[in-house]
Amino acid sequence: MAQWRGRPQPALRSPSVGDASSLLTAVAGGEKGVRFSDGCGSLNVSQDGLLVTALTVTPECHVAAQIGNFTNLSSNSFAIVTAAAEPSIFGWAQQDCVNFWKSLC
């Protein structure tokens, strides 16, 4: 995992800002080689496959991914819980995003 100032840096942030990382470019040809999909029936994925949104509460979910030639990838399991009036991905903070990318390498 790439590091900057001693902190792990994710290979992809969606929506993207700036150029793709060298790791993402090498593995997937950039953002064009990345697609996420619903791994539990409780997520909505944008048409371009890059934006994942929680739809319903569920105790266990995962995000499926295709990154370059790696086709059957999956995030660690997480719960979707209510926060105020809208479902949110519990614990799917930056560190979890970093852990998701670590699990792919």
# chains A, B, ... in the order shown; residues from 1 in each chain; ligands from 1
$ closest_atom_pairs --of "range 40-61 of chain A" --to "range 22-31 of chain A" --cutoff "12 Å" --atoms "only C-alpha atoms" --output "Markdown table"
| residue | atom | partner | partner_atom | distance |
| --- | --- | --- | --- | --- |
| A:Asp48 | CA | A:Glu31 | CA | 10.2 |
| A:Gly49 | CA | A:Glu31 | CA | 10.1 |
| A:Leu50 | CA | A:Glu31 | CA | 8.4 |
| A:Leu51 | CA | A:Glu31 | CA | 11.8 |
$ closest_residue --among "A:Ser37, A:Asn69, A:Thr82, A:Ser16" --to "Thr56 in chain A" --atoms "only C-alpha atoms"
A:Thr82
$ residues_around --residues "Ser42 in chain A" --least-positions-apart "4" --cutoff "9 Å" --atoms "only C-alpha atoms" --output "count of residues only"
9
$ closest_residue --among "A:Gly39, A:Ala20, A:Val45, A:Val52" --to "Asn76 in chain A" --atoms "only C-alpha atoms"
A:Gly39
$ atom_distance --atom1 "CA of Cys40 in chain A" --atom2 "CA of Ile67 in chain A"
18.9 Å
$ atom_distance --atom1 "CA of Phe78 in chain A" --atom2 "CA of Val63 in chain A"
9.1 Å
$ atom_distance --atom1 "CA of Gln47 in chain A" --atom2 "CA of Ser21 in chain A"
22.6 Å
